[in-house]
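Student: Next comes structure.cif, mmCIF, C-alpha atoms and all ligand atoms:
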data_target
#
loop_
_atom_site.label_atom_id
_atom_site.label_comp_id
_atom_site.auth_asym_id
_atom_site.auth_seq_id
_atom_site.Cartn_x
_atom_site.Cartn_y
_atom_site.Cartn_z
CA MET A 1 -6.04 -36.30 20.61
CA LYS A 2 -8.26 -33.61 19.05
CA PRO A 3 -7.16 -31.95 15.81
CA ILE A 4 -4.26 -29.49 16.18
CA PRO A 5 -4.38 -26.69 13.59
CA TYR A 6 -1.36 -24.56 12.60
CA GLY A 7 -3.01 -21.46 14.04
CA ARG A 8 -6.24 -20.42 15.70
CA GLN A 9 -7.81 -17.68 17.80
CA SER A 10 -8.00 -17.66 21.61
CA ILE A 11 -11.41 -16.48 22.78
CA ASN A 12 -12.29 -16.32 26.45
CA GLN A 13 -15.21 -15.01 28.53
CA ASP A 14 -13.85 -11.42 28.49
CA ASP A 15 -14.07 -11.42 24.69
CA ILE A 16 -17.61 -12.78 24.74
CA ASP A 17 -18.71 -10.21 27.33
CA ALA A 18 -17.15 -7.39 25.31
CA VAL A 19 -19.07 -8.40 22.18
CA ILE A 20 -22.37 -8.76 24.06
CA GLU A 21 -21.89 -5.33 25.55
CA ALA A 22 -21.24 -3.87 22.10
CA LEU A 23 -24.45 -5.45 20.81
CA GLN A 24 -26.44 -3.62 23.49
CA HIS A 25 -24.98 -0.24 22.48
CA PRO A 26 -26.95 2.13 20.18
CA TYR A 27 -24.11 2.14 17.62
CA LEU A 28 -23.30 -1.20 16.01
CA THR A 29 -21.01 0.59 13.59
CA GLN A 30 -19.42 4.08 13.38
CA GLY A 31 -19.66 4.32 17.16
CA PRO A 32 -17.12 5.05 19.90
CA ARG A 33 -15.40 1.66 19.90
CA VAL A 34 -13.81 2.27 16.51
CA ALA A 35 -11.87 5.33 17.69
CA GLU A 36 -11.02 3.60 20.95
CA PHE A 37 -9.61 0.57 19.14
CA GLU A 38 -7.62 2.85 16.81
CA GLU A 39 -6.17 4.85 19.69
CA LYS A 40 -5.22 1.84 21.78
CA PHE A 41 -3.78 -0.05 18.84
CA ALA A 42 -1.71 3.01 17.82
CA LYS A 43 -0.39 3.21 21.35
CA TYR A 44 0.48 -0.50 21.37
CA ILE A 45 2.47 -0.17 18.14
CA GLY A 46 3.96 3.23 19.03
CA VAL A 47 2.60 5.17 16.04
CA ASP A 48 0.70 8.49 15.76
CA HIS A 49 -2.35 7.34 13.79
CA ALA A 50 -4.31 4.15 13.15
CA VAL A 51 -7.29 3.61 10.82
CA ALA A 52 -9.49 0.56 11.44
CA VAL A 53 -10.76 -1.12 8.28
CA ALA A 54 -12.78 -4.16 7.19
CA ASN A 55 -9.79 -6.51 6.76
CA GLY A 56 -6.07 -6.57 5.99
CA THR A 57 -6.69 -6.69 2.25
CA ALA A 58 -8.87 -3.56 2.41
CA ALA A 59 -6.06 -1.95 4.41
CA LEU A 60 -3.61 -2.68 1.57
CA HIS A 61 -6.07 -1.46 -1.06
CA LEU A 62 -6.65 1.84 0.77
CA CYS A 63 -2.89 2.33 1.19
CA ALA A 64 -2.43 1.88 -2.56
CA LEU A 65 -5.22 4.40 -3.25
CA ALA A 66 -3.82 6.90 -0.75
CA LEU A 67 -0.41 6.67 -2.48
CA ASP A 68 -2.09 7.29 -5.87
CA VAL A 69 -1.23 3.90 -7.36
CA ASP A 70 -2.49 3.62 -10.95
CA HIS A 71 -1.64 1.83 -14.21
CA SER A 72 1.68 3.69 -14.44
CA THR A 73 2.84 2.57 -10.99
CA ASN A 74 5.51 -0.14 -10.54
CA VAL A 75 5.91 -1.79 -7.15
CA ILE A 76 8.25 -4.43 -5.70
CA THR A 77 7.12 -6.99 -3.14
CA SER A 78 8.14 -10.37 -1.75
CA PRO A 79 7.16 -13.65 -3.42
CA ILE A 80 6.83 -15.28 0.00
CA THR A 81 3.70 -13.61 1.33
CA PHE A 82 -0.05 -13.88 1.14
CA SER A 83 -1.10 -12.80 -2.36
CA ALA A 84 -2.99 -9.76 -0.97
CA SER A 85 0.37 -7.98 -0.53
CA ALA A 86 0.63 -7.93 -4.34
CA ASN A 87 -3.07 -7.86 -5.28
CA CYS A 88 -3.58 -4.39 -3.78
CA ILE A 89 -1.42 -2.94 -6.55
CA ARG A 90 -3.38 -4.82 -9.22
CA TYR A 91 -6.69 -3.48 -7.79
CA CYS A 92 -5.44 -0.03 -8.82
CA GLY A 93 -4.11 -1.23 -12.17
CA GLY A 94 -0.43 -1.03 -11.13
CA ASN A 95 2.34 -3.48 -12.03
CA VAL A 96 3.83 -5.92 -9.54
CA TYR A 97 7.48 -7.02 -9.53
CA PHE A 98 8.90 -9.65 -7.21
CA ALA A 99 12.45 -9.62 -5.85
CA ASP A 100 13.93 -12.77 -4.32
CA ILE A 101 14.15 -13.54 -0.60
CA ASP A 102 17.13 -13.91 1.69
CA PRO A 103 17.25 -17.69 2.36
CA ASN A 104 18.37 -17.10 5.97
CA THR A 105 15.46 -14.91 7.00
CA ILE A 106 12.88 -15.64 4.25
CA LEU A 107 12.40 -11.87 4.11
CA LEU A 108 12.63 -9.74 0.97
CA ASP A 109 16.35 -9.41 0.19
CA LEU A 110 17.44 -5.77 0.12
CA ASN A 111 20.24 -6.50 -2.35
CA GLN A 112 17.86 -8.26 -4.72
CA VAL A 113 15.50 -5.29 -4.47
CA GLU A 114 18.30 -2.89 -5.36
CA ALA A 115 19.46 -5.10 -8.25
CA LEU A 116 15.90 -5.08 -9.61
CA ILE A 117 15.67 -1.28 -9.27
CA LYS A 118 18.98 -0.88 -11.11
CA SER A 119 17.88 -3.20 -13.92
CA LYS A 120 15.25 -0.61 -14.96
CA PRO A 121 15.56 3.02 -16.06
CA ASP A 122 15.78 5.72 -13.36
CA GLY A 123 12.42 6.54 -11.81
CA PHE A 124 10.80 3.31 -13.04
CA PHE A 125 9.75 2.06 -9.61
CA ASP A 126 7.42 3.88 -7.23
CA GLY A 127 7.22 1.77 -4.11
CA ILE A 128 8.11 -1.33 -2.09
CA ILE A 129 5.83 -3.55 -0.02
CA PRO A 130 8.11 -5.55 2.28
CA VAL A 131 6.57 -8.14 4.62
CA ASP A 132 7.53 -9.07 8.19
CA PHE A 133 7.15 -12.69 7.16
CA ALA A 134 6.17 -15.17 9.91
CA GLY A 135 6.58 -12.32 12.42
CA LEU A 136 10.31 -11.78 11.90
CA PRO A 137 10.86 -8.01 11.87
CA LEU A 138 12.33 -6.49 8.72
CA ASP A 139 15.22 -4.08 9.04
CA MET A 140 12.96 -1.20 8.09
CA GLU A 141 15.70 1.37 8.59
CA ALA A 142 17.72 -0.27 5.81
CA PHE A 143 14.65 -0.42 3.56
CA HIS A 144 13.98 3.23 4.31
CA GLN A 145 17.51 4.21 3.26
CA LEU A 146 17.15 2.29 0.01
CA ALA A 147 13.72 3.81 -0.63
CA LYS A 148 15.07 7.31 -0.01
CA LYS A 149 17.96 6.73 -2.39
CA TYR A 150 15.56 5.87 -5.22
CA GLY A 151 12.60 8.07 -4.25
CA LEU A 152 10.22 5.22 -3.39
CA TRP A 153 7.45 4.92 -0.82
CA ILE A 154 7.05 1.92 1.51
CA ILE A 155 3.98 0.06 2.75
CA GLU A 156 5.14 -2.35 5.47
CA ASP A 157 2.92 -5.43 5.51
CA ALA A 158 3.12 -6.13 9.24
CA CYS A 159 0.19 -8.57 9.38
CA HIS A 160 2.42 -11.23 10.96
CA ALA A 161 4.20 -9.02 13.41
CA PRO A 162 2.15 -6.93 15.88
CA GLY A 163 4.45 -6.59 18.90
CA GLY A 164 7.57 -7.66 16.99
CA SER A 165 10.52 -5.26 17.18
CA TYR A 166 14.13 -4.71 16.18
CA LEU A 167 17.01 -2.48 17.20
CA ASP A 168 17.82 0.31 14.76
CA SER A 169 21.34 1.64 14.13
CA GLN A 170 21.03 3.81 17.25
CA LYS A 171 20.17 0.63 19.22
CA LYS A 172 16.66 2.02 19.71
CA GLU A 173 13.83 -0.51 19.77
CA GLN A 174 11.45 -0.04 16.81
CA PHE A 175 8.15 -1.89 16.70
CA CYS A 176 6.91 -3.39 13.44
CA GLY A 177 4.48 -1.05 11.71
CA ASN A 178 5.38 2.00 13.83
CA GLY A 179 5.73 4.20 10.76
CA LYS A 180 9.21 5.39 11.68
CA PHE A 181 10.73 4.11 8.42
CA ALA A 182 7.68 3.69 6.18
CA GLU A 183 4.85 5.86 4.89
CA LEU A 184 2.24 3.28 5.86
CA ALA A 185 1.92 -0.12 7.53
CA ILE A 186 -0.93 -2.59 7.70
CA PHE A 187 -2.22 -5.31 10.02
CA SER A 188 -4.93 -8.01 9.84
CA PHE A 189 -7.29 -9.27 12.54
CA HIS A 190 -8.23 -12.51 10.82
CA PRO A 191 -8.59 -15.29 13.44
CA VAL A 192 -5.23 -16.90 12.64
CA LYS A 193 -3.42 -13.62 13.33
CA HIS A 194 -2.32 -12.39 16.78
CA ILE A 195 -5.40 -10.25 17.45
CA ALA A 196 -8.74 -11.58 16.17
CA SER A 197 -11.81 -9.50 15.36
CA GLY A 198 -13.43 -12.00 12.96
CA GLU A 199 -12.50 -9.99 9.91
CA GLY A 200 -10.60 -6.77 10.46
CA GLY A 201 -7.57 -4.72 9.62
CA MET A 202 -5.62 -1.61 10.60
CA ILE A 203 -3.49 0.93 8.80
CA THR A 204 -0.84 2.78 10.79
CA THR A 205 1.03 5.97 9.85
CA ASN A 206 2.79 9.03 11.23
CA ASP A 207 1.74 11.11 8.21
CA PRO A 208 -1.24 13.37 9.09
CA GLN A 209 -2.21 13.93 5.43
CA LEU A 210 -2.26 10.24 4.55
CA TYR A 211 -4.22 9.64 7.76
CA GLU A 212 -6.96 12.11 6.78
CA ARG A 213 -7.15 10.75 3.25
CA LEU A 214 -7.41 7.15 4.47
CA LYS A 215 -10.31 8.01 6.77
CA THR A 216 -12.19 9.55 3.85
CA LEU A 217 -11.37 6.69 1.47
CA ARG A 218 -12.58 4.16 4.07
CA THR A 219 -16.05 5.63 3.94
CA HIS A 220 -16.78 6.10 0.20
CA GLY A 221 -14.59 9.19 -0.19
CA ILE A 222 -17.21 11.20 1.68
CA THR A 223 -16.34 14.06 4.00
CA LYS A 224 -18.62 15.75 6.54
CA ASP A 225 -15.88 18.06 7.78
CA PRO A 226 -17.12 21.65 7.15
CA ASP A 227 -13.51 22.87 6.79
CA ARG A 228 -12.93 20.54 3.86
CA MET A 229 -16.26 20.94 2.05
CA ILE A 230 -16.62 23.02 -1.09
CA GLN A 231 -20.26 23.89 -0.29
CA ASN A 232 -22.48 23.48 2.76
CA HIS A 233 -26.26 23.19 2.42
CA GLY A 234 -26.93 22.48 6.12
CA GLY A 235 -26.55 19.91 8.85
CA TRP A 236 -27.39 16.96 6.58
CA TYR A 237 -24.84 17.88 3.97
CA TYR A 238 -21.84 15.76 2.98
CA GLU A 239 -19.55 15.73 0.00
CA LEU A 240 -18.18 12.92 -2.11
CA GLN A 241 -14.80 14.32 -3.00
CA GLU A 242 -13.10 11.27 -4.46
CA LEU A 243 -14.04 7.67 -5.10
CA GLY A 244 -13.65 5.53 -1.99
CA TYR A 245 -15.18 2.35 -0.62
CA ASN A 246 -17.14 1.11 2.37
CA TYR A 247 -14.23 -0.54 4.17
CA ARG A 248 -15.40 0.24 7.72
CA LEU A 249 -14.96 -2.02 10.74
CA THR A 250 -18.03 -2.41 12.99
CA ASP A 251 -18.19 -1.54 16.69
CA ILE A 252 -18.92 -5.21 17.39
CA GLN A 253 -15.62 -6.19 15.76
CA CYS A 254 -13.77 -3.33 17.45
CA ALA A 255 -15.11 -4.48 20.83
CA LEU A 256 -13.62 -7.91 20.20
CA GLY A 257 -10.40 -6.35 18.89
CA LEU A 258 -10.09 -4.18 22.01
CA SER A 259 -10.60 -7.14 24.28
CA GLN A 260 -8.04 -9.17 22.30
CA LEU A 261 -5.57 -6.28 22.34
CA ARG A 262 -5.55 -6.37 26.14
CA LYS A 263 -4.15 -9.92 25.89
CA ALA A 264 -1.72 -9.23 23.05
CA ASP A 265 1.36 -9.12 25.28
CA SER A 266 0.59 -12.34 27.11
CA GLY A 267 -0.20 -14.06 23.80
CA LEU A 268 3.08 -12.88 22.32
CA LYS A 269 4.95 -14.15 25.37
CA ARG A 270 3.33 -17.55 24.97
CA ARG A 271 4.17 -17.65 21.24
CA ARG A 272 7.82 -16.93 22.05
CA ALA A 273 7.88 -19.67 24.70
CA ILE A 274 6.44 -22.16 22.20
CA ALA A 275 9.09 -21.11 19.66
CA ARG A 276 11.91 -21.58 22.18
CA ARG A 277 10.68 -25.11 22.86
CA TYR A 278 10.58 -25.96 19.15
CA ASP A 279 14.04 -24.39 18.69
CA GLN A 280 15.51 -26.57 21.43
CA ALA A 281 13.79 -29.72 20.21
CA PHE A 282 14.98 -29.34 16.62
CA SER A 283 18.52 -28.08 17.22
CA GLY A 284 20.97 -30.74 16.12
CA SER A 285 18.33 -32.57 14.04
CA SER A 286 17.86 -32.50 10.27
CA VAL A 287 14.92 -30.12 10.78
CA GLN A 288 16.04 -26.69 9.60
CA ILE A 289 14.86 -23.74 11.71
CA ILE A 290 15.16 -19.97 11.37
CA THR A 291 17.03 -18.38 14.27
CA PRO A 292 16.62 -14.61 14.44
CA GLU A 293 19.61 -12.37 15.10
CA SER A 294 19.62 -11.05 18.66
CA SER A 295 18.68 -7.56 17.40
CA ARG A 296 15.29 -8.80 16.16
CA ARG A 297 12.43 -9.79 18.47
CA HIS A 298 10.32 -12.25 16.50
CA ALA A 299 6.52 -12.08 16.86
CA TYR A 300 5.98 -15.71 15.74
CA HIS A 301 2.76 -15.56 13.77
CA LEU A 302 4.17 -18.74 12.21
CA TYR A 303 6.76 -21.29 13.23
CA VAL A 304 8.34 -22.41 9.97
CA ILE A 305 10.63 -25.40 9.56
CA GLN A 306 12.32 -26.63 6.39
CA VAL A 307 12.72 -30.34 5.70
CA ASP A 308 13.46 -32.63 2.77
CA ASN A 309 10.38 -34.66 1.86
CA ARG A 310 8.11 -31.91 3.08
CA LYS A 311 5.06 -33.46 1.40
CA GLU A 312 5.54 -36.75 3.28
CA LEU A 313 5.91 -34.93 6.59
CA TYR A 314 2.76 -32.92 5.87
CA ASP A 315 0.87 -36.18 5.21
CA VAL A 316 2.29 -37.95 8.28
CA LEU A 317 1.30 -35.02 10.49
CA ARG A 318 -2.15 -35.02 8.97
CA GLU A 319 -2.60 -38.74 9.68
CA ASN A 320 -1.84 -37.82 13.29
CA ASN A 321 -4.46 -35.06 13.33
CA ILE A 322 -1.85 -32.32 13.16
CA PHE A 323 -2.78 -29.79 10.49
CA SER A 324 0.40 -28.06 9.43
CA GLN A 325 0.35 -25.64 6.49
CA VAL A 326 2.62 -24.28 3.79
CA HIS A 327 3.36 -20.52 3.84
CA TYR A 328 3.45 -19.63 1.08
CA ILE A 329 3.19 -20.85 -2.47
CA PRO A 330 5.46 -18.23 -4.10
CA VAL A 331 3.06 -15.57 -5.37
CA HIS A 332 4.89 -15.11 -8.71
CA THR A 333 4.21 -18.79 -9.57
CA LEU A 334 0.45 -18.51 -9.12
CA PRO A 335 -1.44 -18.66 -12.45
CA TYR A 336 -2.84 -15.13 -12.10
CA TYR A 337 0.67 -13.63 -11.82
CA GLN A 338 2.21 -15.91 -14.46
CA GLN A 339 0.35 -13.96 -17.14
CA PHE A 340 2.45 -10.83 -16.53
CA GLU A 341 5.87 -10.41 -18.04
CA SER A 342 7.00 -8.54 -14.92
CA THR A 343 6.40 -11.57 -12.69
CA ALA A 344 7.09 -14.54 -14.95
CA LYS A 345 10.77 -14.85 -14.09
CA GLN A 346 12.22 -17.39 -11.70
CA LEU A 347 13.23 -16.61 -8.13
CA PRO A 348 15.48 -19.49 -7.03
CA ASN A 349 15.60 -18.74 -3.29
CA ALA A 350 11.84 -18.42 -2.96
CA GLU A 351 11.24 -21.56 -4.99
CA ALA A 352 13.85 -23.60 -3.05
CA TYR A 353 12.28 -22.45 0.20
CA TYR A 354 8.82 -23.44 -1.01
CA ASP A 355 10.01 -27.01 -1.68
CA LYS A 356 10.92 -27.53 1.97
CA CYS A 357 8.84 -25.24 4.17
CA LEU A 358 6.14 -26.22 6.63
CA SER A 359 4.41 -24.19 9.36
CA LEU A 360 3.94 -26.10 12.61
CA PRO A 361 1.18 -25.35 15.15
CA MET A 362 1.81 -21.95 16.74
CA TYR A 363 -0.85 -20.20 18.83
CA PRO A 364 -1.12 -19.22 22.50
CA ALA A 365 -3.71 -21.91 23.33
CA LEU A 366 -1.45 -24.74 22.09
CA THR A 367 -0.86 -26.89 25.18
CA ASP A 368 2.52 -28.30 26.23
CA GLU A 369 1.22 -31.84 25.62
CA GLU A 370 0.02 -30.95 22.16
CA GLN A 371 3.35 -29.34 21.32
CA GLU A 372 5.23 -32.36 22.68
CA PHE A 373 3.17 -34.60 20.40
CA VAL A 374 3.94 -32.37 17.40
CA ILE A 375 7.67 -32.41 18.21
CA GLU A 376 7.73 -36.21 18.67
CA THR A 377 5.90 -36.79 15.41
CA VAL A 378 8.22 -34.47 13.47
CA LEU A 379 11.40 -35.91 14.99
CA LYS A 380 10.31 -39.51 14.42
CA PHE A 381 9.90 -38.60 10.73
CA ALA A 382 13.09 -36.57 10.47
CA LYS A 383 15.54 -38.93 12.19
C1 LIG B 1 -3.57 -12.15 6.45
C2 LIG B 1 -2.68 -11.36 5.56
C3 LIG B 1 -3.15 -10.36 4.71
C4 LIG B 1 -4.60 -10.11 4.45
O1 LIG B 1 -5.37 -9.93 5.57
P1 LIG B 1 -6.94 -10.25 5.55
O2 LIG B 1 -7.42 -9.65 6.83
O3 LIG B 1 -7.07 -11.73 5.51
O4 LIG B 1 -7.52 -9.60 4.36
C5 LIG B 1 -2.22 -9.62 3.99
N1 LIG B 1 -0.90 -9.86 4.10
C6 LIG B 1 -0.42 -10.83 4.88
C7 LIG B 1 1.06 -11.04 4.96
C8 LIG B 1 -1.28 -11.63 5.62
O5 LIG B 1 -0.80 -12.61 6.37
#
Can you dump the structure from the file as structure tokens?
Ligand SMILES: *Cc1c(COP(=O)(O)O)cnc(C)c1O
Tutor:
Amino acid sequence: MKPIPYGRQSINQDDIDAVIEALQHPYLTQGPRVAEFEEKFAKYIGVDHAVAVANGTAALHLCALALDVDHSTNVITSPITFSASANCIRYCGGNVYFADIDPNTILLDLNQVEALIKSKPDGFFDGIIPVDFAGLPLDMEAFHQLAKKYGLWIIEDACHAPGGSYLDSQKKEQFCGNGKFAELAIFSFHPVKHIASGEGGMITTNDPQLYERLKTLRTHGITKDPDRMIQNHGGWYYELQELGYNYRLTDIQCALGLSQLRKADSGLKRRRAIARRYDQAFSGSSVQIITPESSRRHAYHLYVIQVDNRKELYDVLRENNIFSQVHYIPVHTLPYYQQFESTAKQLPNAEAYYDKCLSLPMYPALTDEEQEFVIETVLKFAK
């Protein structure tokens, strides 16, 4: 059997045709496909505005800039995430604090967040970056209420969860990253994520001011909008009004993103079918799985199990050409973060989870036979 990775992109002829067509267009970047991708993605998520950027990390960095993060800013995030969720605060000189996870969902624990807030003087914290880890939707309404109580902003890291949703207290379906209960949300289009554009990212928001600022920050901090310029020397004129970056996404990448977006629903359906099959296979075994409450519709970027002897299982799978992965090494334990007093403390739930977790193959192109082989190999080990 050929190698089975934990995640990978699905590229078909439509995607290839879309990219070739983009290459033949006069604009390889800053052309019409960028706005089209933004509009269609915003519609998919159910949000007013979307800003396409170079990658998910750039999306986080721009969010931090747009919220005026600096050396006096203190932000809480989850230890079980990709380190970029925390790094964006460090890029701007801010301080990162980690609160522990809920062991049942592996998501940032609201009570732990509140305990951390209360352990510091009033007004100490500025924001929270919760993560829809593995694709399991956060209860953003609850986070919003907490944030309001303490005057904090929220950036929802929804990289794992495009298409995921949950029911709010009014039983209304809310899609991850829809900006209803957060200032900003971000997505990534790295090939292991749901929608691939090579590299790529998106910021979503319902706030028109943040939206305008993000568009300027994405392109150096330059504006060409006559209404916003201080002077105007003529048609060529532009103004650098604050320090931004070149974090643009090309039309070639947006063409691929648009083509992938058309298949997002079918891909999500396939991911959920794969998850159901794993769930059934592992129920009643020693393999621990995460079963979402019925009010949350999981997007399954990852399918995570927890087992004793995780390292041995990882090695056994590898010998069988199955490349599972560990998501994640708790960010607060990484050497870079160990140097800060704010992050040096222990988080027992995150660390206990890390000892046992393993992400099994989960992507729409995974065949039934491949999945059967993965299940057999895991169960033979776990019996
Ligand atoms: C992938 C990912 C990112 C970063 O996205 P890139 O496009 O790789 O820069 C940030 N946060 C989470 C949770 C991710 O999974």
Student: If you take all atoms listed in the file and a cut-off of 9 Å, which residues of range 236-279 of chain A touch range 46-60 of chain A, and what are their nearest atom pairs and distances in Å to one decimal, in chain and number order, as a Markdown table?
Tutor:
| residue | atom | partner | partner_atom | distance |
| --- | --- | --- | --- | --- |
| A:Asn246 | CA | A:Ala54 | CA | 8.4 |
| A:Tyr247 | CA | A:Ala54 | CA | 4.9 |
| A:Arg248 | CA | A:Val53 | CA | 4.9 |
| A:Leu249 | CA | A:Ala54 | CA | 4.7 |
| A:Thr250 | CA | A:Ala54 | CA | 8.0 |
| A:Cys254 | CA | A:Ala52 | CA | 8.3 |
Student: From the set A:Tyr238, A:Lys193, A:Leu138, A:Asp308, which residue has the shortest atom-to-atom contact distance to Ala264 in chain A, counting all atoms listed in the file?
Tutor: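 For Ala264 in chain A, the nearest of the given residues is A:Lys193.
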Student: Give me, as number ranges by chain, all polymer residues having an atom no more than 6 Å from range 169-185 of chain A, counting all atoms listed in the file and skipping those fewer than 4 positions away in the same chain.
Tutor: A: 45-47, 140-141, 144, 154-158, 164-165, 203-206
Student: Measuring atom to atom with only C-alpha atoms, identify which of A:Leu107, A:Ile230, A:Val113, A:Cys88 is nearest to Asp139 in chain A.
Tutor: A:Leu107
Student: Quick one: everything within 7 Å of Ile222 in chain A, counting only C-alpha atoms, minus sequence neighbours fewer than 2 positions away in the same chain. Send it as a compact mmCIF listing (two decimals) with C-alpha atoms, keeping the file's coordinate frame.
Tutor:
# COMPACT_ATOMS: atom_id res chain seq x y z
CA THR A 216 -12.19 9.55 3.85
CA THR A 219 -16.05 5.63 3.94
CA HIS A 220 -16.78 6.10 0.20
CA LYS A 224 -18.62 15.75 6.54
CA TYR A 238 -21.84 15.76 2.98
CA GLU A 239 -19.55 15.73 0.00
CA LEU A 240 -18.18 12.92 -2.11
CA GLN A 241 -14.80 14.32 -3.00
Student: Ligand LIG 1 (chain B): which residues are within 9 Å, counting all atoms listed in the file, as number ranges by chain?
Tutor: A: 54-60, 80-86, 131-134, 157-160, 186-193, 198-201, 301
Student: One decimal, Å: what's the distance from CA of Leu358 in chain A over to CA of Asn95 in chain A, could you say?
Tutor: 29.7 Å
Student: Using only C-alpha atoms and a cutoff of 12 Å, can you tell me which residues are near (-6.1, -5.1, 26.1) in the file's coordinates, and write them out as a compact mmCIF listing (two decimals) with C-alpha atoms, keeping the file's coordinate frame?
Tutor:
# COMPACT_ATOMS: atom_id res chain seq x y z
CA ASP A 14 -13.85 -11.42 28.49
CA ASP A 15 -14.07 -11.42 24.69
CA ALA A 18 -17.15 -7.39 25.31
CA GLU A 36 -11.02 3.60 20.95
CA PHE A 37 -9.61 0.57 19.14
CA GLU A 39 -6.17 4.85 19.69
CA LYS A 40 -5.22 1.84 21.78
CA PHE A 41 -3.78 -0.05 18.84
CA LYS A 43 -0.39 3.21 21.35
CA TYR A 44 0.48 -0.50 21.37
CA ILE A 195 -5.40 -10.25 17.45
CA CYS A 254 -13.77 -3.33 17.45
CA ALA A 255 -15.11 -4.48 20.83
CA LEU A 256 -13.62 -7.91 20.20
CA GLY A 257 -10.40 -6.35 18.89
CA LEU A 258 -10.09 -4.18 22.01
CA SER A 259 -10.60 -7.14 24.28
CA GLN A 260 -8.04 -9.17 22.30
CA LEU A 261 -5.57 -6.28 22.34
CA ARG A 262 -5.55 -6.37 26.14
CA LYS A 263 -4.15 -9.92 25.89
CA ALA A 264 -1.72 -9.23 23.05
CA ASP A 265 1.36 -9.12 25.28
CA SER A 266 0.59 -12.34 27.11
CA GLY A 267 -0.20 -14.06 23.80
Student: For a quick check of understanding, using all atoms listed in the file, which of A:Ala64, A:Leu360, A:Val326, A:Ile101 has the smallest distance to Tyr303 in chain A?
Tutor: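 Closest to Tyr303 in chain A of all the choices is A:Leu360.
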Student: For a quick check of understanding, using all atoms listed in the file, which of A:Ser10, A:Asn349, A:Asn232, A:Ser324 has the smallest distance to Leu108 in chain A?
Tutor: A:Asn349
Student: One decimal, Å: what's the distance from CA of Gln371 in chain A over to CA of Ala281 in chain A, could you say?
Tutor: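 These two atoms are separated by 10.5 Å.
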Student: Tell me which of A:Tyr337, A:Tyr363, A:Tyr354, A:Tyr314 sits closest to Ala382 in chain A, counting all atoms listed in the file.
Tutor: A:Tyr314
